[in-house]
$ cat my_file-v8.cif   # mmCIF, C-alpha atoms
data_structure
#
loop_
_atom_site.group_PDB
_atom_site.id
_atom_site.type_symbol
_atom_site.label_atom_id
_atom_site.label_comp_id
_atom_site.auth_asym_id
_atom_site.auth_seq_id
_atom_site.Cartn_x
_atom_site.Cartn_y
_atom_site.Cartn_z
ATOM 1 C CA MET S 1 14.484 0.806 -7.255
ATOM 2 C CA THR S 2 15.304 3.789 -9.327
ATOM 3 C CA GLU S 3 12.744 4.291 -12.085
ATOM 4 C CA PRO S 4 12.667 0.833 -13.688
ATOM 5 C CA ALA S 5 11.454 0.605 -17.262
ATOM 6 C CA THR S 6 8.764 -1.857 -16.182
ATOM 7 C CA GLN S 7 6.950 0.600 -13.950
ATOM 8 C CA SER S 8 4.272 3.193 -14.568
ATOM 9 C CA ASN S 9 5.232 6.424 -12.826
ATOM 10 C CA THR S 10 1.673 7.662 -12.750
ATOM 11 C CA PRO S 11 -0.745 5.648 -10.650
ATOM 12 C CA SER S 12 -3.585 4.536 -12.882
ATOM 13 C CA THR S 13 -7.105 3.273 -12.407
ATOM 14 C CA ALA S 14 -5.785 -0.272 -12.815
ATOM 15 C CA GLU S 15 -7.327 -2.625 -10.277
ATOM 16 C CA PRO S 16 -5.642 -5.661 -8.807
ATOM 17 C CA ARG S 17 -7.287 -8.929 -9.868
ATOM 18 C CA GLY S 18 -10.504 -9.586 -7.999
ATOM 19 C CA ALA S 19 -10.204 -6.506 -5.808
ATOM 20 C CA GLY S 20 -13.116 -5.947 -3.449
ATOM 21 C CA LYS S 21 -13.913 -2.709 -1.647
ATOM 22 C CA ARG S 22 -11.011 -3.101 0.799
ATOM 23 C CA GLY S 23 -8.651 -4.030 -2.028
ATOM 24 C CA LEU S 24 -9.721 -0.922 -3.893
ATOM 25 C CA ALA S 25 -9.246 1.122 -0.706
ATOM 26 C CA ARG S 26 -5.690 -0.203 -0.520
ATOM 27 C CA LEU S 27 -5.002 0.703 -4.145
ATOM 28 C CA ALA S 28 -6.432 4.197 -3.639
ATOM 29 C CA ALA S 29 -4.377 4.579 -0.443
ATOM 30 C CA VAL S 30 -1.194 3.766 -2.353
ATOM 31 C CA GLN S 31 -2.155 6.353 -4.969
ATOM 32 C CA ALA S 32 -2.891 8.931 -2.257
ATOM 33 C CA LEU S 33 0.396 8.248 -0.452
ATOM 34 C CA TYR S 34 2.199 8.608 -3.783
ATOM 35 C CA GLN S 35 0.484 11.970 -4.340
ATOM 36 C CA ILE S 36 1.304 13.132 -0.799
ATOM 37 C CA GLU S 37 4.965 12.302 -1.273
ATOM 38 C CA LEU S 38 5.220 13.978 -4.679
ATOM 39 C CA THR S 39 3.318 17.139 -3.821
ATOM 40 C CA SER S 40 3.893 17.440 -0.050
ATOM 41 C CA ALA S 41 0.120 17.898 0.258
ATOM 42 C CA GLU S 42 -1.567 17.538 3.619
ATOM 43 C CA PRO S 43 -2.897 13.979 4.060
ATOM 44 C CA GLY S 44 -6.329 15.198 5.185
ATOM 45 C CA ALA S 45 -6.697 17.306 2.045
ATOM 46 C CA VAL S 46 -5.698 14.397 -0.190
ATOM 47 C CA VAL S 47 -8.133 12.062 1.587
ATOM 48 C CA SER S 48 -10.916 14.627 1.162
ATOM 49 C CA GLU S 49 -10.090 15.047 -2.535
ATOM 50 C CA PHE S 50 -10.156 11.287 -3.151
ATOM 51 C CA LEU S 51 -13.421 10.860 -1.254
ATOM 52 C CA ALA S 52 -15.133 13.756 -3.023
ATOM 53 C CA HIS S 53 -13.722 13.497 -6.527
ATOM 54 C CA ARG S 54 -12.171 10.082 -7.239
ATOM 55 C CA LEU S 55 -13.557 7.049 -5.450
ATOM 56 C CA GLY S 56 -16.604 5.773 -7.327
ATOM 57 C CA ARG S 57 -16.412 8.605 -9.891
ATOM 58 C CA GLU S 58 -15.720 8.856 -13.604
ATOM 59 C CA ILE S 59 -12.591 10.849 -14.458
ATOM 60 C CA ASP S 60 -11.506 11.515 -18.031
ATOM 61 C CA GLY S 61 -13.586 8.588 -19.266
ATOM 62 C CA ASP S 62 -12.192 6.149 -16.680
ATOM 63 C CA GLN S 63 -14.584 4.821 -14.057
ATOM 64 C CA TYR S 64 -13.059 4.576 -10.596
ATOM 65 C CA ALA S 65 -14.645 1.776 -8.614
ATOM 66 C CA GLU S 66 -16.167 2.362 -5.198
ATOM 67 C CA ALA S 67 -13.832 1.552 -2.322
ATOM 68 C CA ASP S 68 -14.289 1.118 1.415
ATOM 69 C CA ARG S 69 -14.032 4.808 2.223
ATOM 70 C CA GLY S 70 -13.385 4.436 5.949
ATOM 71 C CA TYR S 71 -10.669 1.872 5.352
ATOM 72 C CA PHE S 72 -9.072 4.118 2.724
ATOM 73 C CA ALA S 73 -9.078 7.120 5.080
ATOM 74 C CA ASP S 74 -7.602 5.047 7.924
ATOM 75 C CA LEU S 75 -4.791 3.719 5.730
ATOM 76 C CA VAL S 76 -3.784 7.145 4.411
ATOM 77 C CA LYS S 77 -4.165 9.119 7.617
ATOM 78 C CA GLY S 78 -2.730 6.403 9.842
ATOM 79 C CA CYS S 79 0.247 5.800 7.589
ATOM 80 C CA SER S 80 0.913 9.529 7.376
ATOM 81 C CA GLU S 81 0.594 10.069 11.129
ATOM 82 C CA ARG S 82 2.917 7.150 11.886
ATOM 83 C CA ARG S 83 5.257 7.680 8.953
ATOM 84 C CA GLU S 84 8.417 7.836 11.059
ATOM 85 C CA ASP S 85 7.587 4.471 12.698
ATOM 86 C CA VAL S 86 6.504 2.952 9.379
ATOM 87 C CA ASP S 87 9.631 4.149 7.567
ATOM 88 C CA GLY S 88 11.850 2.769 10.327
ATOM 89 C CA ILE S 89 10.180 -0.642 10.082
ATOM 90 C CA VAL S 90 10.438 -0.683 6.271
ATOM 91 C CA ALA S 91 14.071 0.458 6.321
ATOM 92 C CA ALA S 92 14.989 -2.306 8.783
ATOM 93 C CA ALA S 93 13.405 -4.940 6.502
ATOM 94 C CA LEU S 94 15.087 -3.777 3.294
ATOM 95 C CA PRO S 95 18.325 -5.270 2.038
ATOM 96 C CA PRO S 96 21.321 -3.176 3.183
ATOM 97 C CA ASP S 97 22.090 -2.083 -0.384
ATOM 98 C CA TRP S 98 18.520 -0.742 -0.905
ATOM 99 C CA PRO S 99 17.855 2.109 1.536
ATOM 100 C CA LEU S 100 14.297 3.438 1.581
ATOM 101 C CA ALA S 101 15.308 6.638 -0.233
ATOM 102 C CA ARG S 102 16.650 4.601 -3.150
ATOM 103 C CA LEU S 103 13.283 2.971 -3.860
ATOM 104 C CA GLU S 104 10.976 4.362 -6.517
ATOM 105 C CA SER S 105 8.143 6.415 -4.978
ATOM 106 C CA VAL S 106 5.288 4.054 -5.941
ATOM 107 C CA LEU S 107 7.192 1.145 -4.419
ATOM 108 C CA ARG S 108 7.731 3.197 -1.236
ATOM 109 C CA ALA S 109 3.999 3.956 -1.093
ATOM 110 C CA ILE S 110 3.110 0.259 -1.442
ATOM 111 C CA LEU S 111 5.549 -0.765 1.284
ATOM 112 C CA ARG S 112 4.419 2.035 3.601
ATOM 113 C CA ALA S 113 0.733 1.178 3.231
ATOM 114 C CA GLY S 114 1.396 -2.533 3.681
ATOM 115 C CA THR S 115 3.569 -1.934 6.718
ATOM 116 C CA TYR S 116 1.003 0.351 8.324
ATOM 117 C CA GLU S 117 -1.678 -2.267 7.792
ATOM 118 C CA LEU S 118 0.499 -4.969 9.379
ATOM 119 C CA LEU S 119 1.336 -2.620 12.249
ATOM 120 C CA ALA S 120 -2.070 -1.128 12.998
ATOM 121 C CA ARG S 121 -4.769 -3.361 11.511
ATOM 122 C CA SER S 122 -4.610 -6.596 13.483
ATOM 123 C CA ASP S 123 -8.175 -7.298 12.301
ATOM 124 C CA VAL S 124 -6.680 -8.197 8.904
ATOM 125 C CA PRO S 125 -4.692 -11.427 8.717
ATOM 126 C CA ALA S 126 -1.065 -10.777 7.821
ATOM 127 C CA ARG S 127 -1.126 -13.134 4.823
ATOM 128 C CA VAL S 128 -4.162 -11.322 3.413
ATOM 129 C CA ALA S 129 -2.470 -7.927 3.736
ATOM 130 C CA ILE S 130 0.739 -9.190 2.132
ATOM 131 C CA ASN S 131 -1.130 -10.786 -0.780
ATOM 132 C CA GLU S 132 -3.170 -7.635 -1.372
ATOM 133 C CA TYR S 133 -0.075 -5.424 -1.605
ATOM 134 C CA VAL S 134 1.699 -7.918 -3.874
ATOM 135 C CA GLU S 135 -1.337 -7.691 -6.198
ATOM 136 C CA ILE S 136 -1.130 -3.893 -6.085
ATOM 137 C CA ALA S 137 2.558 -4.110 -6.956
ATOM 138 C CA HIS S 138 1.584 -6.216 -9.996
ATOM 139 C CA ALA S 139 -0.782 -3.398 -11.072
ATOM 140 C CA PHE S 140 2.206 -1.023 -11.306
ATOM 141 C CA PHE S 141 5.220 -3.211 -12.018
ATOM 142 C CA SER S 142 6.008 -6.123 -14.315
ATOM 143 C CA GLY S 143 9.539 -6.764 -13.062
ATOM 144 C CA LYS S 144 10.959 -7.989 -9.756
ATOM 145 C CA GLU S 145 9.230 -5.374 -7.607
ATOM 146 C CA PRO S 146 6.194 -7.534 -6.646
ATOM 147 C CA GLY S 147 8.621 -10.180 -5.352
ATOM 148 C CA MET S 148 10.442 -7.519 -3.364
ATOM 149 C CA VAL S 149 7.127 -6.321 -1.876
ATOM 150 C CA ASN S 150 6.333 -9.918 -0.914
ATOM 151 C CA GLY S 151 9.728 -10.482 0.704
ATOM 152 C CA VAL S 152 9.850 -7.185 2.594
ATOM 153 C CA LEU S 153 6.267 -7.382 3.892
ATOM 154 C CA ASP S 154 6.763 -11.027 4.869
ATOM 155 C CA ARG S 155 9.880 -10.059 6.849
ATOM 156 C CA ILE S 156 7.936 -7.253 8.535
ATOM 157 C CA ALA S 157 4.969 -9.518 9.317
ATOM 158 C CA ARG S 158 7.253 -12.119 10.882
ATOM 159 C CA THR S 159 8.510 -9.391 13.222
ATOM 160 C CA LEU S 160 5.228 -7.610 13.970
ATOM 161 C CA ARG S 161 2.964 -10.666 13.972
ATOM 162 C CA GLU S 162 5.259 -13.500 14.909
ATOM 163 C CA ALA S 163 2.620 -15.433 16.874
ATOM 164 C CA GLU S 164 0.090 -15.217 14.039
ATOM 165 C CA LEU S 165 2.505 -16.470 11.396
ATOM 166 C CA SER S 166 4.062 -19.187 13.550
ATOM 167 C CA GLY S 167 0.664 -20.762 14.128
ATOM 168 C CA THR S 168 0.400 -19.849 17.809
ATOM 169 C CA GLY S 169 -1.849 -16.855 17.228
ATOM 170 C CA ARG S 170 -4.622 -16.094 14.776
ATOM 171 C CA ASP S 171 -5.100 -18.636 12.038
ATOM 172 C CA GLY S 172 -4.400 -16.169 9.226
ATOM 173 C CA GLY S 173 -7.696 -17.127 7.606
ATOM 174 C CA ALA S 174 -9.155 -15.317 4.643
ATOM 175 C CA GLU S 175 -10.692 -11.893 5.015
ATOM 176 C CA ALA S 176 -13.581 -10.746 2.896
ATOM 177 C CA ARG S 177 -12.092 -8.422 0.343
#

$ encode --input "my_file-v8.cif" --output "structure tokens"
Amino acid sequence: MTEPATQSNTPSTAEPRGAGKRGLARLAAVQALYQIELTSAEPGAVVSEFLAHRLGREIDGDQYAEADRGYFADLVKGCSERREDVDGIVAAALPPDWPLARLESVLRAILRAGTYELLARSDVPARVAINEYVEIAHAFFSGKEPGMVNGVLDRIARTLREAELSGTGRDGGAEAR
């Protein structure tokens, strides 16, 4: 959605409610993907910068919490390496009148990270991943965007993890955050 008034254009140190180390890794991954898109920086360089200078560090008086560093690196690098696949999946799940390019860049980063996790991290129950990215959307947006994240990721999960969500696969139980 094009620059809504209810959105912060600059990713902040805001943490989703109750975020554990994986939740914080997801938030940092969204911030890193946002930075990669805006600056065209190499994903490996951005991951290295976050690991060395942001995660668990104090920056300008704000304390960044410690995140699951390996999970963070996997989300950013994996999403970047499979961006064409991820973007195709996201685009197919969006309403026809909202092409991927029309979405605000933070919203694109949230959807990309969530889609990658649903695609590549079968160790995480789909419902957990969806809920985590909806919480991240709430950290950046106060409008309808979190609902859009929920709807789009749910649509994607029902395609990628049909057996899990229909009850014939994994039980979708809770994951330790």

$ atom_distance --input "my_file-v8.cif" --atom1 "CA of Glu164 (chain S)" --atom2 "CA of Val124 (chain S)"
11.0 Å

$ closest_residue --input "my_file-v8.cif" --among "S:Ala32, S:Ala120, S:His53, S:Val90" --to "Val149 (chain S)" --atoms "only C-alpha atoms"
S:Val90

$ atom_distance --input "my_file-v8.cif" --atom1 "CA of Leu24 (chain S)" --atom2 "CA of Asp123 (chain S)"
17.5 Å

$ atom_distance --input "my_file-v8.cif" --atom1 "CA of Tyr116 (chain S)" --atom2 "CA of Glu58 (chain S)"
28.9 Å

$ residues_around --input "my_file-v8.cif" --residues "Ala92 (chain S)" --least-positions-apart "3" --cutoff "12 Å" --atoms "all atoms listed in the file" --output "list in words"
Asp85, Val86, Asp87, Gly88, Ile89, Pro95, Pro96, Asp97, Trp98, Pro99, Leu100, Thr115, Val152, Leu153, Arg155, Ile156 and Thr159 of chain S

$ closest_atom_pairs --input "my_file-v8.cif" --of "region 47-125 of chain S" --to "region 138-141 of chain S" --cutoff "12 Å" --atoms "all atoms listed in the file" --output "tab-separated table"
residue	atom	partner	partner_atom	distance
S:Glu104	CA	S:Phe141	CA	11.0
S:Ser105	CA	S:Phe140	CA	11.4
S:Val106	CA	S:Phe140	CA	8.0
S:Leu107	CA	S:Phe140	CA	8.8
S:Ala109	CA	S:Phe140	CA	11.5
S:Ile110	CA	S:Phe140	CA	10.0

$ closest_residue --input "my_file-v8.cif" --among "S:Ala126, S:Ala52, S:Ala25, S:Ala137" --to "Ala163 (chain S)" --atoms "all atoms listed in the file"
S:Ala126

$ resolve_selection --input "my_file-v8.cif" --expression "the PyMOL selection byres ((chain S and resi 37) around 12)" --output "count of residues only"
26

$ closest_residue --input "my_file-v8.cif" --among "S:Ala73, S:Gly61, S:Arg102, S:Gly143" --to "Ala28 (chain S)" --atoms "all atoms listed in the file"
S:Ala73

$ closest_residue --input "my_file-v8.cif" --among "S:Ala91, S:Leu119, S:Ala45, S:Ile136" --to "Leu27 (chain S)" --atoms "only C-alpha atoms"
S:Ile136

$ residues_around --input "my_file-v8.cif" --residues "Asn131 (chain S)" --least-positions-apart "4" --cutoff "8 Å" --atoms "all atoms listed in the file" --output "number ranges by chain"
S: 127, 135, 150

$ residues_around --input "my_file-v8.cif" --residues "Phe72 (chain S)" --least-positions-apart "3" --cutoff "6 Å" --atoms "only C-alpha atoms" --output "ChimeraX atom specification"
/S:25,29,69,75

$ closest_residue --input "my_file-v8.cif" --among "S:Ser48, S:Glu117, S:Asp68, S:Gly56" --to "Arg82 (chain S)" --atoms "only C-alpha atoms"
S:Glu117

$ resolve_selection --input "my_file-v8.cif" --expression "the PyMOL selection byres ((chain S and resi 55) around 7)" --output "number ranges by chain"
S: 50-51, 53-54, 56-57, 64-67

$ decode --input "my_file-v8.cif" --residues "region 93-133 of chain S" --atoms "N, CA and C atoms" --output "PDB file, in the first residue's frame"
ATOM      1  N   ALA S  93      -0.645 -14.546  -4.345  1.00  0.00           N
ATOM      2  CA  ALA S  93      -1.561 -14.516  -3.206  1.00  0.00           C
ATOM      3  C   ALA S  93      -2.176 -13.137  -2.965  1.00  0.00           C
ATOM      4  N   LEU S  94      -1.651 -12.124  -3.633  1.00  0.00           N
ATOM      5  CA  LEU S  94      -2.179 -10.771  -3.449  1.00  0.00           C
ATOM      6  C   LEU S  94      -3.457 -10.567  -4.252  1.00  0.00           C
ATOM      7  N   PRO S  95      -4.301  -9.663  -3.783  1.00  0.00           N
ATOM      8  CA  PRO S  95      -5.480  -9.323  -4.590  1.00  0.00           C
ATOM      9  C   PRO S  95      -5.033  -8.761  -5.944  1.00  0.00           C
ATOM     10  N   PRO S  96      -5.791  -8.987  -7.001  1.00  0.00           N
ATOM     11  CA  PRO S  96      -5.396  -8.538  -8.339  1.00  0.00           C
ATOM     12  C   PRO S  96      -5.114  -7.035  -8.435  1.00  0.00           C
ATOM     13  N   ASP S  97      -5.794  -6.234  -7.625  1.00  0.00           N
ATOM     14  CA  ASP S  97      -5.594  -4.789  -7.693  1.00  0.00           C
ATOM     15  C   ASP S  97      -4.425  -4.308  -6.827  1.00  0.00           C
ATOM     16  N   TRP S  98      -3.678  -5.239  -6.188  1.00  0.00           N
ATOM     17  CA  TRP S  98      -2.520  -4.872  -5.378  1.00  0.00           C
ATOM     18  C   TRP S  98      -1.292  -5.664  -5.832  1.00  0.00           C
ATOM     19  N   PRO S  99      -0.689  -5.296  -6.946  1.00  0.00           N
ATOM     20  CA  PRO S  99       0.540  -5.999  -7.353  1.00  0.00           C
ATOM     21  C   PRO S  99       1.655  -5.748  -6.331  1.00  0.00           C
ATOM     22  N   LEU S 100       2.592  -6.646  -6.279  1.00  0.00           N
ATOM     23  CA  LEU S 100       3.693  -6.570  -5.314  1.00  0.00           C
ATOM     24  C   LEU S 100       4.390  -5.213  -5.348  1.00  0.00           C
ATOM     25  N   ALA S 101       4.610  -4.669  -6.526  1.00  0.00           N
ATOM     26  CA  ALA S 101       5.317  -3.387  -6.653  1.00  0.00           C
ATOM     27  C   ALA S 101       4.544  -2.231  -6.029  1.00  0.00           C
ATOM     28  N   ARG S 102       3.245  -2.378  -5.890  1.00  0.00           N
ATOM     29  CA  ARG S 102       2.420  -1.311  -5.326  1.00  0.00           C
ATOM     30  C   ARG S 102       2.504  -1.244  -3.795  1.00  0.00           C
ATOM     31  N   LEU S 103       2.910  -2.340  -3.170  1.00  0.00           N
ATOM     32  CA  LEU S 103       2.995  -2.392  -1.721  1.00  0.00           C
ATOM     33  C   LEU S 103       4.139  -1.535  -1.194  1.00  0.00           C
ATOM     34  N   GLU S 104       3.957  -0.993  -0.027  1.00  0.00           N
ATOM     35  CA  GLU S 104       5.001  -0.235   0.655  1.00  0.00           C
ATOM     36  C   GLU S 104       6.147  -1.196   0.973  1.00  0.00           C
ATOM     37  N   SER S 105       7.382  -0.706   0.992  1.00  0.00           N
ATOM     38  CA  SER S 105       8.555  -1.573   1.101  1.00  0.00           C
ATOM     39  C   SER S 105       8.631  -2.364   2.408  1.00  0.00           C
ATOM     40  N   VAL S 106       8.196  -1.814   3.528  1.00  0.00           N
ATOM     41  CA  VAL S 106       8.207  -2.582   4.777  1.00  0.00           C
ATOM     42  C   VAL S 106       7.205  -3.731   4.683  1.00  0.00           C
ATOM     43  N   LEU S 107       6.054  -3.472   4.116  1.00  0.00           N
ATOM     44  CA  LEU S 107       5.047  -4.509   3.941  1.00  0.00           C
ATOM     45  C   LEU S 107       5.570  -5.616   3.026  1.00  0.00           C
ATOM     46  N   ARG S 108       6.278  -5.237   1.963  1.00  0.00           N
ATOM     47  CA  ARG S 108       6.892  -6.238   1.070  1.00  0.00           C
ATOM     48  C   ARG S 108       7.900  -7.082   1.843  1.00  0.00           C
ATOM     49  N   ALA S 109       8.705  -6.447   2.677  1.00  0.00           N
ATOM     50  CA  ALA S 109       9.715  -7.180   3.452  1.00  0.00           C
ATOM     51  C   ALA S 109       9.057  -8.172   4.405  1.00  0.00           C
ATOM     52  N   ILE S 110       7.973  -7.771   5.051  1.00  0.00           N
ATOM     53  CA  ILE S 110       7.259  -8.670   5.967  1.00  0.00           C
ATOM     54  C   ILE S 110       6.710  -9.869   5.203  1.00  0.00           C
ATOM     55  N   LEU S 111       6.057  -9.605   4.082  1.00  0.00           N
ATOM     56  CA  LEU S 111       5.477 -10.696   3.292  1.00  0.00           C
ATOM     57  C   LEU S 111       6.549 -11.610   2.715  1.00  0.00           C
ATOM     58  N   ARG S 112       7.667 -11.048   2.291  1.00  0.00           N
ATOM     59  CA  ARG S 112       8.750 -11.878   1.749  1.00  0.00           C
ATOM     60  C   ARG S 112       9.322 -12.785   2.828  1.00  0.00           C
ATOM     61  N   ALA S 113       9.610 -12.222   3.991  1.00  0.00           N
ATOM     62  CA  ALA S 113      10.181 -13.029   5.077  1.00  0.00           C
ATOM     63  C   ALA S 113       9.201 -14.119   5.502  1.00  0.00           C
ATOM     64  N   GLY S 114       7.941 -13.760   5.660  1.00  0.00           N
ATOM     65  CA  GLY S 114       6.936 -14.742   6.052  1.00  0.00           C
ATOM     66  C   GLY S 114       6.773 -15.843   5.016  1.00  0.00           C
ATOM     67  N   THR S 115       6.784 -15.466   3.768  1.00  0.00           N
ATOM     68  CA  THR S 115       6.645 -16.448   2.689  1.00  0.00           C
ATOM     69  C   THR S 115       7.848 -17.376   2.646  1.00  0.00           C
ATOM     70  N   TYR S 116       9.040 -16.818   2.782  1.00  0.00           N
ATOM     71  CA  TYR S 116      10.235 -17.666   2.798  1.00  0.00           C
ATOM     72  C   TYR S 116      10.152 -18.668   3.945  1.00  0.00           C
ATOM     73  N   GLU S 117       9.736 -18.195   5.107  1.00  0.00           N
ATOM     74  CA  GLU S 117       9.657 -19.098   6.252  1.00  0.00           C
ATOM     75  C   GLU S 117       8.640 -20.213   5.996  1.00  0.00           C
ATOM     76  N   LEU S 118       7.502 -19.886   5.413  1.00  0.00           N
ATOM     77  CA  LEU S 118       6.510 -20.914   5.086  1.00  0.00           C
ATOM     78  C   LEU S 118       7.031 -21.874   4.019  1.00  0.00           C
ATOM     79  N   LEU S 119       7.820 -21.362   3.104  1.00  0.00           N
ATOM     80  CA  LEU S 119       8.361 -22.160   2.009  1.00  0.00           C
ATOM     81  C   LEU S 119       9.507 -23.062   2.466  1.00  0.00           C
ATOM     82  N   ALA S 120      10.413 -22.535   3.260  1.00  0.00           N
ATOM     83  CA  ALA S 120      11.673 -23.223   3.520  1.00  0.00           C
ATOM     84  C   ALA S 120      11.863 -23.733   4.944  1.00  0.00           C
ATOM     85  N   ARG S 121      11.044 -23.294   5.871  1.00  0.00           N
ATOM     86  CA  ARG S 121      11.247 -23.682   7.273  1.00  0.00           C
ATOM     87  C   ARG S 121      10.081 -24.532   7.769  1.00  0.00           C
ATOM     88  N   SER S 122      10.019 -25.762   7.286  1.00  0.00           N
ATOM     89  CA  SER S 122       8.934 -26.660   7.676  1.00  0.00           C
ATOM     90  C   SER S 122       9.027 -27.066   9.143  1.00  0.00           C
ATOM     91  N   ASP S 123      10.148 -26.742   9.802  1.00  0.00           N
ATOM     92  CA  ASP S 123      10.279 -27.013  11.235  1.00  0.00           C
ATOM     93  C   ASP S 123       9.437 -26.052  12.075  1.00  0.00           C
ATOM     94  N   VAL S 124       8.945 -24.990  11.463  1.00  0.00           N
ATOM     95  CA  VAL S 124       8.110 -24.010  12.160  1.00  0.00           C
ATOM     96  C   VAL S 124       6.664 -24.208  11.699  1.00  0.00           C
ATOM     97  N   PRO S 125       5.755 -24.437  12.632  1.00  0.00           N
ATOM     98  CA  PRO S 125       4.355 -24.575  12.232  1.00  0.00           C
ATOM     99  C   PRO S 125       3.867 -23.334  11.496  1.00  0.00           C
ATOM    100  N   ALA S 126       3.063 -23.546  10.478  1.00  0.00           N
ATOM    101  CA  ALA S 126       2.579 -22.438   9.651  1.00  0.00           C
ATOM    102  C   ALA S 126       1.860 -21.385  10.483  1.00  0.00           C
ATOM    103  N   ARG S 127       1.001 -21.811  11.408  1.00  0.00           N
ATOM    104  CA  ARG S 127       0.243 -20.849  12.213  1.00  0.00           C
ATOM    105  C   ARG S 127       1.164 -19.988  13.061  1.00  0.00           C
ATOM    106  N   VAL S 128       2.249 -20.576  13.551  1.00  0.00           N
ATOM    107  CA  VAL S 128       3.223 -19.812  14.342  1.00  0.00           C
ATOM    108  C   VAL S 128       3.869 -18.746  13.464  1.00  0.00           C
ATOM    109  N   ALA S 129       4.320 -19.140  12.279  1.00  0.00           N
ATOM    110  CA  ALA S 129       4.963 -18.180  11.375  1.00  0.00           C
ATOM    111  C   ALA S 129       4.003 -17.041  11.022  1.00  0.00           C
ATOM    112  N   ILE S 130       2.777 -17.379  10.676  1.00  0.00           N
ATOM    113  CA  ILE S 130       1.801 -16.348  10.319  1.00  0.00           C
ATOM    114  C   ILE S 130       1.596 -15.394  11.484  1.00  0.00           C
ATOM    115  N   ASN S 131       1.365 -15.923  12.679  1.00  0.00           N
ATOM    116  CA  ASN S 131       1.146 -15.068  13.848  1.00  0.00           C
ATOM    117  C   ASN S 131       2.337 -14.162  14.133  1.00  0.00           C
ATOM    118  N   GLU S 132       3.534 -14.681  13.976  1.00  0.00           N
ATOM    119  CA  GLU S 132       4.737 -13.881  14.227  1.00  0.00           C
ATOM    120  C   GLU S 132       4.822 -12.692  13.261  1.00  0.00           C
ATOM    121  N   TYR S 133       4.525 -12.929  11.988  1.00  0.00           N
ATOM    122  CA  TYR S 133       4.619 -11.833  11.016  1.00  0.00           C
ATOM    123  C   TYR S 133       3.462 -10.849  11.142  1.00  0.00           C
TER     124      TYR S 133
END
